[in-house]
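Structure, as structure tokens:
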Amino acid sequence: MAKILIVEDDPMLRQMVKDALEAERHVVDDCPDGRSGIAFIDAGGYELLVLDWELPHATGIEICSHFRNQGEQAPVLFLTARASMDDKEKGFAVGADDYLTKPFDVRELTVRVKALLRRPQQMNKDVLAIAGMQLDTNSGVVKRGEAVVRLQPRELALLEFLMRHPDTYFTAEALMARVWDTDSEATEVALRSCITKMRRKIDVDGQPSFIETSKGLGYRINSKS
């Protein structure tokens, strides 16, 4: 699971890309123009950008440059009808990682996204295992010991995020920014409810909760527990 931003002014293409990425259990924000794209980026927390080249108000090149100037290292994939070497050199010069030329097969899009997300260290494992908990990120199957645990999509996304970042506390605000869509009505009450439901499913009677809470620090998974 990754949090992804799509900036594309073609509404049908934007929805197709969003549907394909959400089917892979990613959290996806989308917007139709460069000004909105920069506003979303300034809110932070994206692990991949999917950018059109020609956009109203600010181009994909300008968005990518803004993203890199903030010190962000997450991969950037351009969706563009521009195929010349000069254009590609311009894109790579401002920090693009890959190109997909329109029109394209949505299966190629998902393959390229998977490849880009494997580059950062925190995204390179398909099976996560901590303290008796195992999560297969490809199938979404969760096991506590030998018992299969059935989680809802939001619970699964939250568990995966915490398991990819063990021993690190995240505030409620940070978790909502990474696991909920920016446009969703995420609240601390919704987060606490989600974690409470997860604990009922994954915790073992008589043992500390798999998800630790510390006042003032937030939530984490302790890899040494």
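Chains: A, B, ... in order of the structure tokens. Residues: from 1 per chain. Ligands: from 1, in order shown.
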Test item: residues at most 12 Å from Gln152 (chain A), only C-alpha atoms, excluding those fewer than 6 positions along its chain, as a compact mmCIF listing (two decimals) with N, CA and C atoms, in the first residue's frame:
# COMPACT_ATOMS: atom_id res chain seq x y z
N ARG A 25 -4.99 -1.72 -3.85
CA ARG A 25 -5.08 -1.36 -2.43
C ARG A 25 -4.23 -0.15 -2.05
N GLY A 140 -3.06 -9.70 0.57
CA GLY A 140 -3.82 -9.09 1.65
C GLY A 140 -4.15 -10.04 2.78
N VAL A 141 -3.54 -11.23 2.79
CA VAL A 141 -3.80 -12.22 3.84
C VAL A 141 -2.98 -11.87 5.08
N VAL A 142 -3.66 -11.84 6.23
CA VAL A 142 -3.03 -11.55 7.50
C VAL A 142 -3.14 -12.78 8.39
N LEU A 158 -3.85 0.36 7.27
CA LEU A 158 -3.22 0.89 8.47
C LEU A 158 -2.21 -0.10 9.04
N LEU A 159 -2.56 -1.37 9.08
CA LEU A 159 -1.64 -2.39 9.57
C LEU A 159 -0.38 -2.45 8.70
N CYS A 194 -11.02 2.58 14.22
CA CYS A 194 -10.36 1.61 13.34
C CYS A 194 -9.36 0.77 14.12
N ILE A 195 -8.56 1.41 14.97
CA ILE A 195 -7.56 0.69 15.75
C ILE A 195 -8.21 -0.22 16.77
N LYS A 197 -11.10 -1.75 16.49
CA LYS A 197 -11.59 -2.92 15.78
C LYS A 197 -10.45 -3.85 15.39
N MET A 198 -9.32 -3.28 14.97
CA MET A 198 -8.16 -4.10 14.62
C MET A 198 -7.67 -4.89 15.83
N LYS A 201 -9.40 -7.98 16.63
CA LYS A 201 -9.16 -9.06 15.68
C LYS A 201 -7.76 -9.66 15.80
Could you pull out all residues of region 73-197 of chain A with a DSSP call of strand (DSSP E) and give them as a PyMOL selection string? chain A and resi 76-80+98-101+127-130+133-136+142-144+147-149
With only C-alpha atoms as the counted atoms, please give the residues lying no more than 12 Å from Thr59 (chain A), apart from itself and same-chain residues fewer than 2 positions off, as an MDAnalysis selection string. chainID A and resid 7:9 32:38 51:57 61:66 78 80 91
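The coordinates place CA of Pro166 (chain A) at 5.2 Å from CA of Ile221 (chain A).
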If you count only C-alpha atoms, the residue of A:Lys102, A:Lys224, A:Arg178, A:Lys114 closest to Ala157 (chain A) turns out to be A:Arg178
